Amino acid sequence: MLRDPLATYVALQREYGDSVRIPLSRKRTFYLLNRPEHVEHVLVHHQDRYVKGFTYRPLKAFLDNGLLTAEGATWQRHRRLVQPAFSHRHIQSCAPAIVAAAQHRLDEWTPGRTVELAAEMRTLTMEVIGRALFGTDLAGDATPVGRAVTRLQATMVIAAILPALLPSERLRTAATRTVLGFSRASRTLESVICRIIDERIGAPHDEPGDLLDVLLAGGMDAHPLSRAEIRDEVMTLLVAGHETTANVLTGVLALLSRHPAARERLVAEVDEVLGGRDPQASDLDALSWAQAVVSESMRLYPPAWHVERDVVQDDNISGIAVSAGDTIGISPYLLHHHPEFWPNVEEFDPQRFLPVNTSTCPRYAYLPFGGGRRICVGAGLAKLEATLALAVLTQSVRIDLVSTAPLRMRADVTLHPHGPVPATITPVR
């Protein structure tokens with residue numbers, strides 16, 4: 001499990017089926033559940049009986065009370081506060097920032113150049129997050145932030161076993177954070193976060209216009225956000241918001257490089273819909289093949305590849321009796337590769353996600369952004385960002401992987417490329 005958790009999940013499901021019981025200790029049992037009805041029970045209909053799994057505690061030691069790791073009243077309050085910044089209207093207003101970031105990447109590429117695709121997509125999404133949520137240019141921070149996130153990812157799987165050995169307070173000590181590799185990564189990210197917050201405090205906007213304004217304005221009500229709370233949310237959205245969408249775009253472009261017919265159809269759609277102009281948020285529905293390509297990539301390579309919940313109340317999940325203190329593991333990766341729900345499961349087939357075909361898939365067999373009330377708050381922005389950025393790149397260049405080998409993925413906190421992804425850039429007009 002420590003060496004290759006994803007391969008272990010796949011092997012367990014293949015050997016034992018859709019419900020696997022794994023005794024971790026005399027007091028805790030781990031259940032790996034892999035059916036849509038399990039997802040619906042745990043994440044939707046009976047979510048009050050479950051909380052974030054104990055394996056999230058290393059993340060909490062780093063992110064504290066951001067949306068990803070907070071529980072109870074703290075999570076509810078923060079979610080209500082940030083939700084307006086991710087409304088449909090506000091998300092649509094982010095389209096110009098997405099298009100500009102994609103165009104900036106194109107401006108940096110020269111014909112015939114070989115780029116490291118994963119790093120380029122991190123720079124693109126970092127610029128989008130900076131402009132759209134925090135009103136600042138973060139493109140120059142993509143490399144150090146990317147290295148810090150990679151360092152954290154590499155230690156999180158090992159750190160996930162420590163909650164069984166160490167109490168929560170030990171995970172927060174300086175010595176433990178240093179051993180886990182948190183301290184160096186934390187300093188890198190803290191410097192970026194502090195700069196974002198301090199620059200806005202020093203030059204506030206006249207009218208609230210982005211998420212950072214919302215967080216700072218939250219300090220004006222009867223229950224003000226502390227500096228630490230603002231830091232937690234900026235940290236969470238910066239780390240989670242740019243890295244996952246970068247992984248999606250890397251996967252999309254890698255798959256299109258391997259499937260020229262799908263890429264040709266994408267080029268034809270983009271040319272027909274846009275006619276050479278920049279895409280807008282209002283073009284999203286017309287870019288149905290682009291959206292399907294993004295969705296199919298997230299089926300094959302879901303960045304959020306696993307979800308875990310601790311049981312707080314004895315329950316019965318479709319005939320499986322679980323007890324308070326047990327842990328439930330749900331893997332979107334396994335669900336997305338389940339042959340019962342997906343014909344030709346390993347094949348890249350965006351047609352699955354065209355509007356005419358989407359009704360054939362069970363609702364909770366596809367889980368790219370989680371489910372229930374804790375579904376990813378940035379799901380709408382991520383879909384818009386990936387689709388519009390893909391359209392901008394498709395208009396101007398063809399991106400081909402240098403290697404002919406399949407894209408290698410590594411499962412840590414997120415599913416991400418394992419090592420560099422070199423690709424060549426060829427202008428198309």
# chains A, B, ... in the order shown; residues from 1 in each chain; ligands from 1
>>> select_by_dssp(residues="stretch 191-310 of chain A", states="alpha helix (DSSP H)", output="JSON, numbers by chain")
{"A": [191, 192, 193, 194, 195, 196, 197, 198, 199, 200, 201, 202, 211, 212, 213, 214, 215, 216, 217, 227, 228, 229, 230, 231, 232, 233, 234, 235, 236, 237, 238, 239, 240, 241, 242, 243, 244, 245, 246, 247, 248, 249, 250, 251, 252, 253, 254, 255, 256, 257, 258, 260, 261, 262, 263, 264, 265, 266, 267, 268, 269, 270, 271, 272, 273, 274, 288, 289, 290, 291, 292, 293, 294, 295, 296, 297, 298, 299, 300]}
>>> residues_around(residues="stretch 200-202 of chain A", least_positions_apart="3", cutoff="12 Å", atoms="only C-alpha atoms", output="short mmCIF file (atom, residue, chain, number, x, y, z; two decimals) with N, CA and C atoms, in the first residue's frame")
data_model
loop_
_atom_site.label_atom_id
_atom_site.label_comp_id
_atom_site.auth_asym_id
_atom_site.auth_seq_id
_atom_site.Cartn_x
_atom_site.Cartn_y
_atom_site.Cartn_z
N PHE A 134 -7.52 35.46 -6.85
CA PHE A 134 -6.76 36.33 -5.96
C PHE A 134 -6.34 37.64 -6.60
N GLY A 135 -6.68 37.87 -7.86
CA GLY A 135 -6.39 39.14 -8.50
C GLY A 135 -4.92 39.48 -8.58
N THR A 136 -4.06 38.48 -8.79
CA THR A 136 -2.63 38.73 -8.86
C THR A 136 -1.99 37.77 -9.84
N ILE A 193 1.60 32.75 0.05
CA ILE A 193 0.29 33.08 0.62
C ILE A 193 0.34 34.43 1.33
N CYS A 194 1.37 34.63 2.13
CA CYS A 194 1.49 35.90 2.86
C CYS A 194 1.60 37.07 1.89
N ARG A 195 2.33 36.89 0.81
CA ARG A 195 2.46 37.97 -0.17
C ARG A 195 1.10 38.30 -0.80
N ILE A 196 0.33 37.28 -1.15
CA ILE A 196 -0.99 37.49 -1.75
C ILE A 196 -1.88 38.29 -0.80
N ILE A 197 -1.92 37.87 0.46
CA ILE A 197 -2.81 38.53 1.44
C ILE A 197 -2.33 39.94 1.74
N HIS A 205 -9.35 46.53 -2.93
CA HIS A 205 -10.24 46.90 -4.03
C HIS A 205 -11.38 47.77 -3.52
N ASP A 206 -11.85 48.67 -4.34
CA ASP A 206 -12.99 49.51 -3.95
C ASP A 206 -14.25 48.68 -3.78
N PRO A 208 -15.75 44.48 -3.83
CA PRO A 208 -15.35 43.07 -3.85
C PRO A 208 -15.45 42.50 -5.26
N GLY A 209 -14.37 41.83 -5.71
CA GLY A 209 -14.38 41.32 -7.07
C GLY A 209 -13.87 39.90 -7.22
N ASP A 210 -13.24 39.34 -6.17
CA ASP A 210 -12.72 37.98 -6.29
C ASP A 210 -12.81 37.29 -4.94
N LEU A 211 -12.31 36.06 -4.89
CA LEU A 211 -12.42 35.26 -3.67
C LEU A 211 -11.67 35.90 -2.51
N LEU A 212 -10.51 36.47 -2.77
CA LEU A 212 -9.74 37.08 -1.69
C LEU A 212 -10.51 38.25 -1.07
N ASP A 213 -11.20 39.02 -1.88
CA ASP A 213 -12.06 40.08 -1.35
C ASP A 213 -13.13 39.49 -0.43
N VAL A 214 -13.72 38.37 -0.86
CA VAL A 214 -14.76 37.72 -0.06
C VAL A 214 -14.20 37.28 1.29
N LEU A 215 -13.02 36.68 1.28
CA LEU A 215 -12.43 36.20 2.53
C LEU A 215 -12.10 37.36 3.46
N LEU A 216 -11.54 38.44 2.91
CA LEU A 216 -11.20 39.58 3.75
C LEU A 216 -12.45 40.30 4.24
N ALA A 217 -13.48 40.38 3.40
CA ALA A 217 -14.73 41.01 3.82
C ALA A 217 -15.43 40.20 4.89
N ARG A 227 -6.75 35.88 10.58
CA ARG A 227 -5.68 35.81 9.57
C ARG A 227 -5.36 34.35 9.26
#
>>> residues_around(residues="stretch 394-411 of chain A", least_positions_apart="3", cutoff="7 Å", atoms="only C-alpha atoms", output="PyMOL selection string")
chain A and resi 5-6+253-254+257+267+270+390-391+414-418+422-429
>>> closest_residue(among="A:Thr387, A:Ser288, A:His104, A:His306", to="A:Val356", atoms="only C-alpha atoms")
A:Ser288
>>> closest_residue(among="A:Tyr364, A:Ala95, A:Leu300, A:Arg184", to="A:Asn344", atoms="only C-alpha atoms")
A:Leu300
